[in-house]
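Structure file my_file07.pdb; described as PDB, C-alpha atoms, pLDDT in the B column.
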ATOM      1  CA  ASP A   1      99.350 158.514 -67.836  1.00 77.00           C
ATOM      2  CA  GLY A   2     102.332 156.165 -67.579  1.00 80.00           C
ATOM      3  CA  LEU A   3     101.388 153.593 -70.197  1.00 80.00           C
ATOM      4  CA  VAL A   4     104.377 152.269 -72.119  1.00 78.00           C
ATOM      5  CA  SER A   5     102.774 151.096 -75.349  1.00 68.00           C
ATOM      6  CA  GLU A   6     104.247 148.605 -77.756  1.00 66.00           C
ATOM      7  CA  LEU A   7     104.601 148.849 -81.538  1.00 57.00           C
ATOM      8  CA  PHE A   8     105.378 152.495 -82.169  1.00 47.00           C
ATOM      9  CA  GLY A   9     104.449 153.276 -85.760  1.00 43.00           C
ATOM     10  CA  GLY A  10     103.677 149.734 -86.819  1.00 47.00           C
ATOM     11  CA  SER A  11     101.773 146.575 -86.118  1.00 49.00           C
ATOM     12  CA  CYS A  12     102.543 142.887 -86.069  1.00 51.00           C
ATOM     13  CA  GLY A  13     102.551 141.438 -89.554  1.00 46.00           C
ATOM     14  CA  GLY A  14     102.336 144.733 -91.383  1.00 49.00           C
ATOM     15  CA  ILE A  15     102.493 148.470 -91.303  1.00 48.00           C
ATOM     16  CA  GLY A  16      99.775 150.223 -89.368  1.00 51.00           C
ATOM     17  CA  GLY A  17      99.240 153.230 -87.193  1.00 50.00           C
ATOM     18  CA  ARG A  18     101.044 156.507 -87.630  1.00 50.00           C
ATOM     19  CA  MET A  19     104.717 157.134 -87.107  1.00 44.00           C
ATOM     20  CA  GLY A  20     105.362 158.240 -83.540  1.00 46.00           C
ATOM     21  CA  GLN A  21     101.997 157.049 -82.254  1.00 49.00           C
ATOM     22  CA  ALA A  22     101.556 153.871 -80.302  1.00 52.00           C
ATOM     23  CA  SER A  23      99.385 151.363 -82.107  1.00 56.00           C
ATOM     24  CA  GLY A  24      99.901 148.269 -79.965  1.00 60.00           C
ATOM     25  CA  GLY A  25      97.685 149.266 -77.081  1.00 66.00           C
ATOM     26  CA  ALA A  26      98.028 148.404 -73.408  1.00 75.00           C
ATOM     27  CA  ARG A  27      99.918 145.234 -72.580  1.00 77.00           C
ATOM     28  CA  GLY A  28     100.640 143.573 -69.272  1.00 81.00           C
ATOM     29  CA  ASP A  29     104.389 143.326 -69.766  1.00 85.00           C
ATOM     30  CA  ASP A  30     105.653 146.498 -71.472  1.00 86.00           C
ATOM     31  CA  ASN A  31     105.660 148.764 -68.413  1.00 90.00           C
ATOM     32  CA  ALA A  32     107.252 146.198 -66.129  1.00 93.00           C
ATOM     33  CA  LEU A  33     109.863 145.365 -68.786  1.00 93.00           C
ATOM     34  CA  PHE A  34     110.680 149.082 -69.074  1.00 93.00           C
ATOM     35  CA  VAL A  35     111.185 149.214 -65.293  1.00 96.00           C
ATOM     36  CA  LEU A  36     113.391 146.111 -65.455  1.00 97.00           C
ATOM     37  CA  ALA A  37     115.450 147.589 -68.311  1.00 95.00           C
ATOM     38  CA  MET A  38     116.068 150.717 -66.242  1.00 96.00           C
ATOM     39  CA  TYR A  39     116.933 148.526 -63.254  1.00 97.00           C
ATOM     40  CA  ALA A  40     119.556 146.719 -65.355  1.00 96.00           C
ATOM     41  CA  GLN A  41     121.090 150.124 -66.122  1.00 95.00           C
ATOM     42  CA  PHE A  42     120.846 151.033 -62.445  1.00 95.00           C
ATOM     43  CA  LYS A  43     122.699 147.863 -61.439  1.00 94.00           C
ATOM     44  CA  TRP A  44     125.326 148.289 -64.171  1.00 93.00           C
ATOM     45  CA  TYR A  45     126.623 151.610 -62.873  1.00 89.00           C
ATOM     46  CA  ALA A  46     128.056 152.410 -59.453  1.00 80.00           C
ATOM     47  CA  ASP A  47     126.757 155.119 -57.149  1.00 77.00           C
ATOM     48  CA  GLY A  48     127.409 158.551 -58.594  1.00 79.00           C
ATOM     49  CA  GLN A  49     127.384 157.250 -62.181  1.00 85.00           C
ATOM     50  CA  ARG A  50     123.678 156.528 -62.491  1.00 87.00           C
ATOM     51  CA  VAL A  51     122.883 159.663 -64.484  1.00 91.00           C
ATOM     52  CA  PHE A  52     121.037 157.813 -67.271  1.00 92.00           C
ATOM     53  CA  VAL A  53     118.528 156.277 -64.872  1.00 94.00           C
ATOM     54  CA  ALA A  54     118.325 159.387 -62.680  1.00 95.00           C
ATOM     55  CA  GLN A  55     117.240 161.427 -65.710  1.00 95.00           C
ATOM     56  CA  ARG A  56     114.484 158.907 -66.453  1.00 95.00           C
ATOM     57  CA  TYR A  57     113.480 157.996 -62.917  1.00 96.00           C
ATOM     58  CA  ALA A  58     110.242 160.038 -62.970  1.00 96.00           C
ATOM     59  CA  ALA A  59     109.132 158.192 -66.137  1.00 95.00           C
ATOM     60  CA  VAL A  60     110.081 154.837 -64.591  1.00 96.00           C
ATOM     61  CA  LYS A  61     108.059 155.628 -61.479  1.00 97.00           C
ATOM     62  CA  THR A  62     105.073 156.738 -63.576  1.00 95.00           C
ATOM     63  CA  ALA A  63     105.252 153.529 -65.631  1.00 94.00           C
ATOM     64  CA  MET A  64     105.286 151.409 -62.457  1.00 95.00           C
ATOM     65  CA  GLN A  65     102.396 153.396 -61.020  1.00 95.00           C
ATOM     66  CA  TRP A  66     100.379 152.665 -64.167  1.00 92.00           C
ATOM     67  CA  MET A  67     100.998 148.940 -63.604  1.00 93.00           C
ATOM     68  CA  ILE A  68      99.926 149.179 -59.967  1.00 94.00           C
ATOM     69  CA  THR A  69      96.687 150.924 -60.978  1.00 92.00           C
ATOM     70  CA  GLN A  70      96.043 148.122 -63.505  1.00 89.00           C
ATOM     71  CA  SER A  71      96.584 145.503 -60.812  1.00 90.00           C
ATOM     72  CA  VAL A  72      95.539 146.428 -57.280  1.00 85.00           C
ATOM     73  CA  PRO A  73      91.941 147.719 -57.762  1.00 83.00           C
ATOM     74  CA  TYR A  74      90.731 144.519 -59.447  1.00 84.00           C
ATOM     75  CA  GLY A  75      91.232 142.335 -56.395  1.00 87.00           C
ATOM     76  CA  TYR A  76      94.088 140.153 -57.663  1.00 90.00           C
ATOM     77  CA  GLY A  77      96.982 142.558 -57.155  1.00 92.00           C
ATOM     78  CA  LEU A  78      98.280 141.321 -60.508  1.00 92.00           C
ATOM     79  CA  PRO A  79      97.964 142.743 -64.041  1.00 91.00           C
ATOM     80  CA  TYR A  80      94.297 142.322 -64.892  1.00 88.00           C
ATOM     81  CA  ARG A  81      92.974 141.296 -68.310  1.00 84.00           C
ATOM     82  CA  LEU A  82      95.985 142.558 -70.249  1.00 83.00           C
ATOM     83  CA  VAL A  83      97.511 140.769 -73.206  1.00 78.00           C
ATOM     84  CA  ASN A  84     101.270 140.461 -73.392  1.00 78.00           C
ATOM     85  CA  THR A  85     103.972 140.122 -75.995  1.00 72.00           C
ATOM     86  CA  PHE A  86     103.477 136.352 -76.186  1.00 70.00           C
ATOM     87  CA  ASP A  87      99.679 136.411 -76.052  1.00 62.00           C
ATOM     88  CA  GLU A  88      98.596 137.923 -79.378  1.00 57.00           C
ATOM     89  CA  HIS A  89      95.235 136.146 -79.462  1.00 57.00           C
ATOM     90  CA  GLY A  90      93.441 138.313 -76.951  1.00 57.00           C
ATOM     91  CA  VAL A  91      93.046 138.121 -73.219  1.00 58.00           C
ATOM     92  CA  MET A  92      93.330 134.616 -71.816  1.00 62.00           C
ATOM     93  CA  GLY A  93      91.653 134.890 -68.431  1.00 71.00           C
ATOM     94  CA  ASP A  94      91.779 137.616 -65.828  1.00 81.00           C
ATOM     95  CA  ILE A  95      95.450 137.067 -64.928  1.00 84.00           C
ATOM     96  CA  ASN A  96      98.308 135.096 -66.426  1.00 85.00           C
ATOM     97  CA  THR A  97     101.617 133.798 -65.159  1.00 85.00           C
ATOM     98  CA  TYR A  98     103.907 135.711 -67.509  1.00 87.00           C
ATOM     99  CA  ASN A  99     102.399 139.115 -66.718  1.00 89.00           C
ATOM    100  CA  ALA A 100     102.345 138.268 -63.014  1.00 91.00           C
ATOM    101  CA  MET A 101     106.018 137.252 -62.873  1.00 92.00           C
ATOM    102  CA  VAL A 102     107.234 140.238 -64.886  1.00 94.00           C
ATOM    103  CA  TYR A 103     105.098 142.594 -62.773  1.00 95.00           C
ATOM    104  CA  VAL A 104     106.355 141.225 -59.451  1.00 96.00           C
ATOM    105  CA  SER A 105     109.943 141.415 -60.721  1.00 97.00           C
ATOM    106  CA  GLY A 106     109.302 145.014 -61.743  1.00 97.00           C
ATOM    107  CA  LEU A 107     107.906 145.820 -58.294  1.00 97.00           C
ATOM    108  CA  TYR A 108     111.025 144.474 -56.599  1.00 98.00           C
ATOM    109  CA  ALA A 109     113.250 146.411 -59.024  1.00 98.00           C
ATOM    110  CA  MET A 110     111.245 149.591 -58.472  1.00 98.00           C
ATOM    111  CA  ARG A 111     111.488 149.187 -54.721  1.00 97.00           C
ATOM    112  CA  ARG A 112     115.280 148.968 -54.964  1.00 97.00           C
ATOM    113  CA  MET A 113     115.533 152.031 -57.225  1.00 97.00           C
ATOM    114  CA  ALA A 114     113.107 153.986 -55.036  1.00 97.00           C
ATOM    115  CA  SER A 115     115.211 153.188 -51.973  1.00 96.00           C
ATOM    116  CA  TYR A 116     118.133 154.840 -53.775  1.00 95.00           C
ATOM    117  CA  TYR A 117     116.424 157.814 -55.451  1.00 96.00           C
ATOM    118  CA  GLU A 118     113.741 158.423 -52.804  1.00 96.00           C
ATOM    119  CA  ALA A 119     115.315 157.118 -49.622  1.00 95.00           C
ATOM    120  CA  ASP A 120     113.190 159.449 -47.462  1.00 97.00           C
ATOM    121  CA  ASN A 121     109.856 158.725 -49.172  1.00 97.00           C
ATOM    122  CA  ASP A 122     108.449 156.246 -46.665  1.00 97.00           C
ATOM    123  CA  THR A 123     104.954 156.502 -48.150  1.00 97.00           C
ATOM    124  CA  TYR A 124     106.097 155.318 -51.576  1.00 97.00           C
ATOM    125  CA  GLN A 125     108.284 152.606 -50.073  1.00 95.00           C
ATOM    126  CA  ALA A 126     105.257 151.333 -48.125  1.00 97.00           C
ATOM    127  CA  GLN A 127     103.043 151.453 -51.233  1.00 96.00           C
ATOM    128  CA  LEU A 128     105.530 149.309 -53.144  1.00 97.00           C
ATOM    129  CA  GLN A 129     105.870 146.863 -50.254  1.00 97.00           C
ATOM    130  CA  ASP A 130     102.079 146.548 -49.983  1.00 96.00           C
ATOM    131  CA  ALA A 131     101.815 145.950 -53.746  1.00 96.00           C
ATOM    132  CA  ILE A 132     104.540 143.278 -53.552  1.00 96.00           C
ATOM    133  CA  GLU A 133     102.880 141.450 -50.676  1.00 95.00           C
ATOM    134  CA  PHE A 134      99.436 141.614 -52.303  1.00 95.00           C
ATOM    135  CA  ALA A 135     100.779 140.396 -55.670  1.00 94.00           C
ATOM    136  CA  VAL A 136     102.938 137.589 -54.287  1.00 92.00           C
ATOM    137  CA  GLY A 137     100.146 136.356 -52.025  1.00 90.00           C
ATOM    138  CA  ASN A 138      97.644 136.246 -54.864  1.00 89.00           C
ATOM    139  CA  MET A 139     100.143 134.796 -57.317  1.00 87.00           C
ATOM    140  CA  THR A 140     100.620 131.924 -54.894  1.00 83.00           C
ATOM    141  CA  THR A 141      96.858 131.536 -54.463  1.00 84.00           C
ATOM    142  CA  TRP A 142      95.781 131.830 -58.106  1.00 83.00           C
ATOM    143  CA  LEU A 143      98.741 130.587 -60.163  1.00 80.00           C
ATOM    144  CA  PHE A 144     100.290 127.788 -58.099  1.00 76.00           C
ATOM    145  CA  GLU A 145      98.987 124.444 -56.893  1.00 68.00           C
ATOM    146  CA  SER A 146      98.067 124.181 -53.210  1.00 67.00           C
ATOM    147  CA  ASP A 147     101.217 122.104 -52.578  1.00 67.00           C
ATOM    148  CA  GLY A 148     103.360 124.981 -53.882  1.00 58.00           C
ATOM    149  CA  ALA A 149     104.002 123.416 -57.276  1.00 59.00           C
ATOM    150  CA  PHE A 150     103.655 125.465 -60.425  1.00 56.00           C
ATOM    151  CA  PHE A 151     101.178 124.464 -63.130  1.00 48.00           C
TER     152      PHE A 151
END
Kindly return the structure encoded in the file as structure tokens.
Amino acid sequence: DGLVSELFGGSCGGIGGRMGQASGGARGDDNALFVLAMYAQFKWYADGQRVFVAQRYAAVKTAMQWMITQSVPYGYGLPYRLVNTFDEHGVMGDINTYNAMVYVSGLYAMRRMASYYEADNDTYQAQLQDAIEFAVGNMTTWLFESDGAFF
């Protein structure tokens, strides 16, 4: 389904789960960080040498789509009620700044990779642009002071 789950074969503070099975559950940063890691590889290599990312592009796109489906339908356009790597004590509100920033960064990275790998897919390009605009607008509304300052 596109979920990139943390903690394969283990758990924080001890051994848990089964080898090869995700035991960390859904987090608000893992998918976007996967997209950003692939984007770093994409940027590292010149055109024609991006085989590593090209072979994984379908998985990257699926991971980003999972994030979009965890964000857009809930009205914020940002990762909704998902813990993250730094938030081990449960969900702290509907949205949080770290997940929001990593998600928006991942959207921008995905848009750039999609423009390379799917240059003719106008529908997907528009979906990413809509997700970016929705997320950035709500991030400004919900996570920044009215004078534009961060809190």
For A:Asp130, list every protein, DNA or RNA residue within 12 Å, evaluated using only C-alpha atoms, and leave out those in the same chain fewer than 4 positions away; present the list as number ranges by chain. A: 68, 72, 77, 104, 107-108, 111, 123-126, 134-137
Written as a PyMOL selection string, what is the full residue list that the PyMOL selection byres ((chain A and resi 63) around 10) yields on the file shown? chain A and resi 1-4+30-35+57-62+64-68
For the PyMOL selection byres ((chain A and resi 97) around 10), applied here, can you spell out every residue it catches as a PyMOL selection string? chain A and resi 78-79+95-96+98-103+139+142-144+150-151
For the residues in that selection, give me C-alpha atoms as a PDB file, keeping the file's coordinate frame.
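Dumped everything to selection16.pdb:
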ATOM      1  CA  LEU A  78      98.280 141.321 -60.508  1.00 92.00           C
ATOM      2  CA  PRO A  79      97.964 142.743 -64.041  1.00 91.00           C
ATOM      3  CA  ILE A  95      95.450 137.067 -64.928  1.00 84.00           C
ATOM      4  CA  ASN A  96      98.308 135.096 -66.426  1.00 85.00           C
ATOM      5  CA  TYR A  98     103.907 135.711 -67.509  1.00 87.00           C
ATOM      6  CA  ASN A  99     102.399 139.115 -66.718  1.00 89.00           C
ATOM      7  CA  ALA A 100     102.345 138.268 -63.014  1.00 91.00           C
ATOM      8  CA  MET A 101     106.018 137.252 -62.873  1.00 92.00           C
ATOM      9  CA  VAL A 102     107.234 140.238 -64.886  1.00 94.00           C
ATOM     10  CA  TYR A 103     105.098 142.594 -62.773  1.00 95.00           C
ATOM     11  CA  MET A 139     100.143 134.796 -57.317  1.00 87.00           C
ATOM     12  CA  TRP A 142      95.781 131.830 -58.106  1.00 83.00           C
ATOM     13  CA  LEU A 143      98.741 130.587 -60.163  1.00 80.00           C
ATOM     14  CA  PHE A 144     100.290 127.788 -58.099  1.00 76.00           C
ATOM     15  CA  PHE A 150     103.655 125.465 -60.425  1.00 56.00           C
ATOM     16  CA  PHE A 151     101.178 124.464 -63.130  1.00 48.00           C
TER      17      PHE A 151
END
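Separating atom CA of A:Leu82 from atom CA of A:Asp94 is a distance of 7.9 Å.
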Between atom CA of A:Gln49 and atom CA of A:Gln129, what is the distance in Å, rounded to a tenth? 26.7 Å
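With only C-alpha atoms as the basis for measurement, A:Val83 is the residue among A:Ala119, A:Val83, A:Leu128, A:Arg56 that approaches A:Arg27 most closely.
Nearest to A:Ala114 of all the residues A:Ala37, A:Gln127, A:Ser71, A:Phe86 is A:Gln127, counting all atoms listed in the file.
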To box stretch 130-133 of chain A, take all atoms listed in the file, fit an axis-aligned box, add 6 Å on each side, and give centre and edge lengths in Å to one decimal, as lines of an AutoDock Vina configuration file.
center_x = 103.2
center_y = 144.0
center_z = -51.9
size_x = 14.7
size_y = 17.1
size_z = 15.8
For this structure, which residues satisfy the selection - the PyMOL selection byres ((chain A and resi 53) around 9) - when it is evaluated on the file as given? I want them as an NGL selection string. :A and (38-39 or 41-42 or 50-52 or 54-57 or 60)
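The spacing separating atom CA of A:Tyr80 from atom CA of A:Asn138 amounts to 12.2 Å.
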As a short mmCIF file (atom, residue, chain, number, x, y, z; two decimals), in the frame of the given file, the rebuilt stretch 97-108 of chain A with all heavy atoms:
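Contents of part.cif, freshly written:
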data_model
loop_
_atom_site.label_atom_id
_atom_site.label_comp_id
_atom_site.auth_asym_id
_atom_site.auth_seq_id
_atom_site.Cartn_x
_atom_site.Cartn_y
_atom_site.Cartn_z
N THR A 97 100.36 133.99 -65.85
CA THR A 97 101.62 133.80 -65.16
C THR A 97 102.71 134.72 -65.66
O THR A 97 103.46 135.30 -64.87
CB THR A 97 102.06 132.32 -65.29
OG1 THR A 97 101.00 131.50 -64.84
CG2 THR A 97 103.29 132.06 -64.46
N TYR A 98 102.84 134.87 -66.97
CA TYR A 98 103.91 135.71 -67.51
C TYR A 98 103.77 137.15 -67.02
O TYR A 98 104.72 137.73 -66.49
CB TYR A 98 103.91 135.66 -69.04
CG TYR A 98 104.90 136.60 -69.67
CD1 TYR A 98 106.27 136.32 -69.62
CD2 TYR A 98 104.48 137.77 -70.28
CE1 TYR A 98 107.19 137.20 -70.18
CE2 TYR A 98 105.40 138.64 -70.85
CZ TYR A 98 106.74 138.36 -70.79
OH TYR A 98 107.65 139.22 -71.34
N ASN A 99 102.61 137.75 -67.18
CA ASN A 99 102.40 139.12 -66.72
C ASN A 99 102.66 139.22 -65.22
O ASN A 99 103.25 140.20 -64.75
CB ASN A 99 100.99 139.60 -67.03
CG ASN A 99 100.79 139.97 -68.48
OD1 ASN A 99 101.73 140.05 -69.25
ND2 ASN A 99 99.54 140.18 -68.85
N ALA A 100 102.18 138.24 -64.47
CA ALA A 100 102.34 138.27 -63.01
C ALA A 100 103.82 138.25 -62.62
O ALA A 100 104.26 139.04 -61.78
CB ALA A 100 101.61 137.09 -62.38
N MET A 101 104.60 137.37 -63.23
CA MET A 101 106.02 137.25 -62.87
C MET A 101 106.80 138.50 -63.27
O MET A 101 107.65 138.96 -62.51
CB MET A 101 106.63 136.02 -63.53
CG MET A 101 106.03 134.72 -63.03
SD MET A 101 106.30 134.51 -61.28
CE MET A 101 107.34 133.09 -61.29
N VAL A 102 106.53 139.04 -64.45
CA VAL A 102 107.23 140.24 -64.89
C VAL A 102 106.84 141.42 -63.99
O VAL A 102 107.69 142.23 -63.60
CB VAL A 102 106.95 140.53 -66.38
CG1 VAL A 102 107.51 141.87 -66.81
CG2 VAL A 102 107.52 139.42 -67.24
N TYR A 103 105.58 141.51 -63.64
CA TYR A 103 105.10 142.59 -62.77
C TYR A 103 105.76 142.53 -61.39
O TYR A 103 106.26 143.55 -60.90
CB TYR A 103 103.57 142.51 -62.65
CG TYR A 103 102.96 143.42 -61.62
CD1 TYR A 103 103.04 144.81 -61.73
CD2 TYR A 103 102.27 142.90 -60.53
CE1 TYR A 103 102.45 145.65 -60.79
CE2 TYR A 103 101.68 143.72 -59.58
CZ TYR A 103 101.78 145.09 -59.72
OH TYR A 103 101.20 145.92 -58.78
N VAL A 104 105.75 141.36 -60.78
CA VAL A 104 106.36 141.22 -59.45
C VAL A 104 107.86 141.54 -59.51
O VAL A 104 108.39 142.23 -58.64
CB VAL A 104 106.09 139.83 -58.85
CG1 VAL A 104 106.93 139.58 -57.60
CG2 VAL A 104 104.60 139.68 -58.52
N SER A 105 108.52 141.08 -60.55
CA SER A 105 109.94 141.42 -60.72
C SER A 105 110.13 142.93 -60.84
O SER A 105 111.05 143.50 -60.25
CB SER A 105 110.51 140.73 -61.96
OG SER A 105 110.44 139.33 -61.83
N GLY A 106 109.25 143.56 -61.60
CA GLY A 106 109.30 145.01 -61.74
C GLY A 106 109.07 145.74 -60.43
O GLY A 106 109.71 146.76 -60.14
N LEU A 107 108.15 145.22 -59.61
CA LEU A 107 107.91 145.82 -58.29
C LEU A 107 109.15 145.76 -57.42
O LEU A 107 109.52 146.76 -56.77
CB LEU A 107 106.75 145.12 -57.58
CG LEU A 107 105.34 145.42 -58.05
CD1 LEU A 107 104.34 144.47 -57.40
CD2 LEU A 107 104.97 146.87 -57.73
N TYR A 108 109.80 144.61 -57.39
CA TYR A 108 111.02 144.47 -56.60
C TYR A 108 112.11 145.42 -57.12
O TYR A 108 112.81 146.06 -56.33
CB TYR A 108 111.53 143.04 -56.61
CG TYR A 108 110.86 142.14 -55.60
CD1 TYR A 108 109.91 141.22 -55.99
CD2 TYR A 108 111.19 142.21 -54.25
CE1 TYR A 108 109.29 140.38 -55.07
CE2 TYR A 108 110.57 141.38 -53.32
CZ TYR A 108 109.62 140.47 -53.73
OH TYR A 108 109.02 139.66 -52.81
#
